[in-house]
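Below is one structure; the comments refer to it alone.
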Amino acid sequence: MKRTTLTIFLTLIAIVITLLFIFPFIWVVSSALRPYGSLYTTEFRLIPENANLDSFKWVFLESKFFIWFKNSMIVYIITLISSLIVTIPAGYAFSRFKFFGKNTLLNSYFILSQFMSGMGIIALIPLYTILVRLKMIDSLVTLALIYSASVVPFVTWYLKTYFDSVPKDFDEAALIDGASFNQIWRYVILPLAKPGIYTSVIFISIIIWSEWIIAGILLSAKNITLPVGLVTLQGRWETPWNHFAAMALIYALPMFIVFMVGRRYLKTGLTLGGLKG
Amino acid sequence: MKWNKTYKFCFKAGGILLKRDKSIWSSGKGIILILPGIILFFSFFLYPIIYSVNMSMTNVSFFNLIKGPEFIGLSHYKDLILKAEFFLPLIRTGAFITTSIPLKIFIALLLSVLFNSKFVKFKQILYPTILIPWAIPWFLSVMVWRGMFNVDFGIINQALKVIGLPPVNWLNGIWSAFLSYNIVEVWLTYPFIMSVIISAMQSIPVEFYELAKMDGASPWTIFRHVTIPMIKKSLIWVSLIQVIASYMIFGVPFLLNRGGPAGSNEFLMIYGYQKAFSQGRYGYASAFMIIVFIILSILVLLYSKFTKLTEEE
């Protein structure tokens with residue numbers, strides 16, 4: 001008898017606490033559905049009265065959503081390609097070859113990846129002045145290169161640990177049989193590394209998709225990416241809150257799905273989640 | 001195509017070294033494969049930081065950026081250390097670290113105990129649900145909290161009104177803003193800390209608990225003398241990571257009220273950022289950030305020493 005009351009009591013507490021902790025999330029969803037006039041009333045209903053999709057209409061028809069989205073996609077694609085071109089061979093080399101200073105370098109990559117967010121802000125000041133002098137400021141390509149540089153330490157380290165789990169025999173055999181480099185690359189290394197590369201793509205996407213500090217400094221108002229756009233949208237309380245909430249939801253949806261589905265597989269990236277600005 | 005050529009070159013270069021070595025893997029071509037990444041990282045992160053040492057000794061600012069600044073020696077450092085301009089943001093950051101980390105760990109520990117308890121049902125639904133905040137881009141969450149903290153129409157003040165309490169001007173008071181940062185920071189990090197603690201708790205062998213129960217230990221004694229010692233290592237690790245993260249804190253106070261009111265809550269990163277990008281004093285801000293960077297490196301080295309020690313145990 002005592003056990004069942006305890007079970008009911010603790011389960012109820014857990015449910016209440018869960019609802020309390022995800023309340024901000026519920027609140028955004030409900031304010032995106034709210035008509036403008038009823039935003040400032042004290043009603044705690046999950047689905048508000050006169051709920052409608054006007055805010056979403058605003059996002060797609062009247063806002064600058066698609067311009068910002070296009071900029072974000074350009075940066076994202078360049079970042080993804082350039083960082084993978086650089087990190088896959090590096091991860092492979094760290095895993096297979098022996099060379100001078102390898103362990104020191106690998107350790108410093110790991111340590112660097114632990115405090116990239118702070119280093120980004122510290123390096124931003126000199127980087128800004130350098131880029132102004134070189135006239136490379138306000139360019140999506142420059143931004144993408146900075147992003148891919150920022151993921152090099154973590155992704156290289158991650159891919160190294162991934163290659164470690166792939167047996168050496170395959171590529172060793174191919175090398176001894178005298179396969180050309182292109183052949184080894186295309187038929188041995190890339191197929192073996194596929195799952196590791198997919199996970200790296202997720203890591204890179206999560207980091208790049210929500211970066212707004214560096215982009216906010218380097219890009220001019222007409223060139224901004226989606227996260228910077230969202231930050232400026234709410235900068236001076238000019239945009240109605242329900243419009244902001246609707247755009248925020250659309251923006252967050254892809255990452256939300258990736259995160260909820262891939263949470264189990266992202267265990268190695270745990271520390272990254274604990275280290276946001 | 002160009003990349004293919006580069007790789008071919010790499011392998012030819014490696015091949016020359018190959019003939020000298022007995023093993024295929026102990027050759028110099030590894031270095032060539034890691035070089036592009038190092039160059040990329042060096043040119044966008046390490047070189048600027050080295051360059052900022054040079055900048056910190058000039059009066060470079062928004063106005064003389066193109067014309068060329070003058071060399072002024074160590075006078076920025078004198079201002080920062082002797083006139084103590086560095087220490088106020090440092091003390092604020094220290095205060096934030098000492099309040100937020102015990103709070104984070106305490107709340108995450110409570111949640112973990114609750115969600116690890118065998119008396120709680122529906123865990124397979126509740127646990128992923130409470131981790132939802134983790135899946136939302138963090139800066140968006142901060143902006144949502146900013147809306148909730150609003151004096152006039154924020155949901156928190158409305159809730160206070162319903163209970164019959166006076167509204168709080170959350171983001172415009174020094175202490176209430178500091179408290180808001182703590183609340184938001186706890187909310188942003190509890191999913192991470194909680195999942196670390198829960199996975200540590202689940203790796204404790206069941207026999208330990210059974211033995212303790214047979215000896216007639218109370219739930220509190222079991223928690224104090226079985227659970228805590230077994231998860232101690234994870235707790236220390238997660239706290240150290242959070243010390244570094246809180247030392248670098250930028251986004252939460254910046255998005256909530258720019259380290260306000262009137263700069264009274266500017267932590268290290270915000271202070272340097274504002275000096276550079278609101279006031280255009282790049283030289284001064286670089287000197288400031290160099291000191292911040294030195295302290296950060298010491299913290300990170302201590303952290304990596306510690307994690308190495310625990311790995312060897």
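Every chain in the structure tokens has a letter given in the order shown (A, B, ...), and although residue numbers restart at 1 in each chain, ligands are simply numbered from 1 in the order shown.
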
Mind the document's chain letters and residue numbers, and return as a PyMOL selection string the residues of range 145-275 of chain B that DSSP labels helix (DSSP H, G or I). chain B and resi 145-148+155-163+170-172+174-202+206-214+219-247+251-257+268-275

Just-selected residues, C-alpha atoms written as a short mmCIF file (atom, residue, chain, number, x, y, z; two decimals), in the first residue's frame:
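Generated file (out02.cif):
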```cif
data_model
loop_
_atom_site.label_atom_id
_atom_site.label_comp_id
_atom_site.auth_asym_id
_atom_site.auth_seq_id
_atom_site.Cartn_x
_atom_site.Cartn_y
_atom_site.Cartn_z
CA TRP B 145 13.49 33.79 -21.61
CA ARG B 146 14.07 37.45 -22.38
CA GLY B 147 10.46 37.68 -23.45
CA MET B 148 9.31 35.84 -20.34
CA ILE B 155 4.69 35.56 -18.43
CA ILE B 156 6.69 35.43 -15.17
CA ASN B 157 5.38 38.76 -13.91
CA GLN B 158 1.88 37.80 -15.01
CA ALA B 159 2.15 34.61 -12.99
CA LEU B 160 3.37 36.63 -9.99
CA LYS B 161 0.31 38.90 -10.41
CA VAL B 162 -2.00 35.89 -10.36
CA ILE B 163 -0.46 34.69 -7.07
CA TRP B 170 13.89 41.35 -13.81
CA LEU B 171 16.39 42.66 -16.33
CA ASN B 172 16.74 46.24 -15.10
CA ILE B 174 21.64 44.62 -10.88
CA TRP B 175 20.79 41.71 -8.60
CA SER B 176 17.61 40.60 -10.33
CA ALA B 177 19.50 40.55 -13.66
CA PHE B 178 22.24 38.47 -12.04
CA LEU B 179 19.57 36.11 -10.73
CA SER B 180 17.99 35.92 -14.20
CA TYR B 181 21.33 34.87 -15.72
CA ASN B 182 21.57 32.11 -13.12
CA ILE B 183 18.05 30.89 -13.85
CA VAL B 184 18.59 30.83 -17.62
CA GLU B 185 22.02 29.24 -17.30
CA VAL B 186 20.64 26.46 -15.09
CA TRP B 187 17.84 25.92 -17.57
CA LEU B 188 20.25 25.73 -20.50
CA THR B 189 22.67 23.27 -18.91
CA TYR B 190 20.56 20.94 -16.76
CA PRO B 191 19.85 18.48 -19.62
CA PHE B 192 23.58 17.97 -20.21
CA ILE B 193 24.51 17.66 -16.51
CA MET B 194 21.50 15.48 -15.80
CA SER B 195 22.30 13.04 -18.59
CA VAL B 196 25.91 12.78 -17.36
CA ILE B 197 24.78 12.09 -13.78
CA ILE B 198 22.07 9.62 -14.79
CA SER B 199 24.43 7.60 -16.95
CA ALA B 200 26.90 7.53 -14.03
CA MET B 201 24.12 6.39 -11.68
CA GLN B 202 23.03 3.65 -14.04
CA VAL B 206 22.79 -3.20 -8.35
CA GLU B 207 24.53 -5.47 -5.80
CA PHE B 208 25.86 -2.41 -3.97
CA TYR B 209 22.33 -1.26 -3.26
CA GLU B 210 21.16 -4.75 -2.34
CA LEU B 211 24.01 -5.20 0.13
CA ALA B 212 23.34 -1.81 1.72
CA LYS B 213 19.64 -2.67 2.03
CA MET B 214 20.42 -5.99 3.69
CA PRO B 219 17.55 5.61 1.67
CA TRP B 220 19.52 8.72 2.73
CA THR B 221 22.47 6.66 3.99
CA ILE B 222 22.45 4.68 0.74
CA PHE B 223 22.46 7.89 -1.26
CA ARG B 224 25.18 9.44 0.88
CA HIS B 225 27.50 6.44 1.10
CA VAL B 226 26.84 4.46 -2.08
CA THR B 227 25.52 6.76 -4.80
CA ILE B 228 27.54 9.92 -4.11
CA PRO B 229 30.97 8.21 -3.92
CA MET B 230 30.22 6.28 -7.11
CA ILE B 231 29.24 9.37 -9.13
CA LYS B 232 31.80 11.69 -7.52
CA LYS B 233 34.16 11.53 -10.47
CA SER B 234 31.47 12.52 -12.98
CA LEU B 235 30.32 15.32 -10.70
CA ILE B 236 33.82 16.78 -10.45
CA TRP B 237 34.37 16.43 -14.20
CA VAL B 238 31.11 18.12 -15.08
CA SER B 239 31.76 20.92 -12.55
CA LEU B 240 35.18 21.61 -14.05
CA ILE B 241 33.72 21.78 -17.54
CA GLN B 242 31.10 24.18 -16.26
CA VAL B 243 33.76 26.36 -14.60
CA ILE B 244 35.39 26.84 -18.00
CA ALA B 245 32.03 27.38 -19.71
CA SER B 246 30.93 29.94 -17.10
CA TYR B 247 34.28 31.71 -17.31
CA GLY B 251 25.50 34.71 -24.90
CA VAL B 252 23.17 34.52 -21.92
CA PRO B 253 23.87 37.96 -20.37
CA PHE B 254 24.45 39.53 -23.79
CA LEU B 255 21.10 38.49 -25.21
CA LEU B 256 19.15 39.11 -22.01
CA ASN B 257 20.26 42.72 -21.44
CA LEU B 268 34.81 39.22 -19.02
CA MET B 269 33.77 38.27 -22.54
CA ILE B 270 31.04 40.93 -22.75
CA TYR B 271 33.35 43.62 -21.42
CA GLY B 272 35.98 42.90 -24.08
CA TYR B 273 33.36 42.55 -26.82
CA GLN B 274 31.68 45.85 -25.93
CA LYS B 275 34.99 47.72 -25.72
#
```

Need the shell around Ala285 in chain B: protein/DNA/RNA residues with any atom at most 10 Å away, counting only C-alpha atoms. Skip same-chain ones fewer than 4 positions apart. Format as a list of chain:residue names?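 The residues that qualify are A:Ile122, A:Ile125, A:Pro126, B:Ser52, B:Met55, B:Ser56, B:Val60, B:Ser61, B:His76, B:Tyr271, B:Gly272, B:Tyr273, B:Gln274, B:Lys275, B:Ala276, B:Phe277, B:Gln279, B:Gly280, B:Arg281, B:Met289, B:Ile290.
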
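Atom to atom, CA of Ile49 in chain B and CA of Lys102 in chain A stand 23.3 Å apart.
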
Nearest-residue call for chain B, choices A:Trp157, A:Tyr162, A:Phe66, A:Phe259, using only C-alpha atoms =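 Smallest separation from chain B among the options: A:Phe259.
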
### Message
So that I can see what lies close to Ala32 in chain A, please list as a PyMOL selection string the residues with an atom at most 9 Å from it, counting only C-alpha atoms and leaving out residues fewer than 2 positions away in the same chain.
### Response
chain A and resi 27-30+34-35+51-56+241-247+249
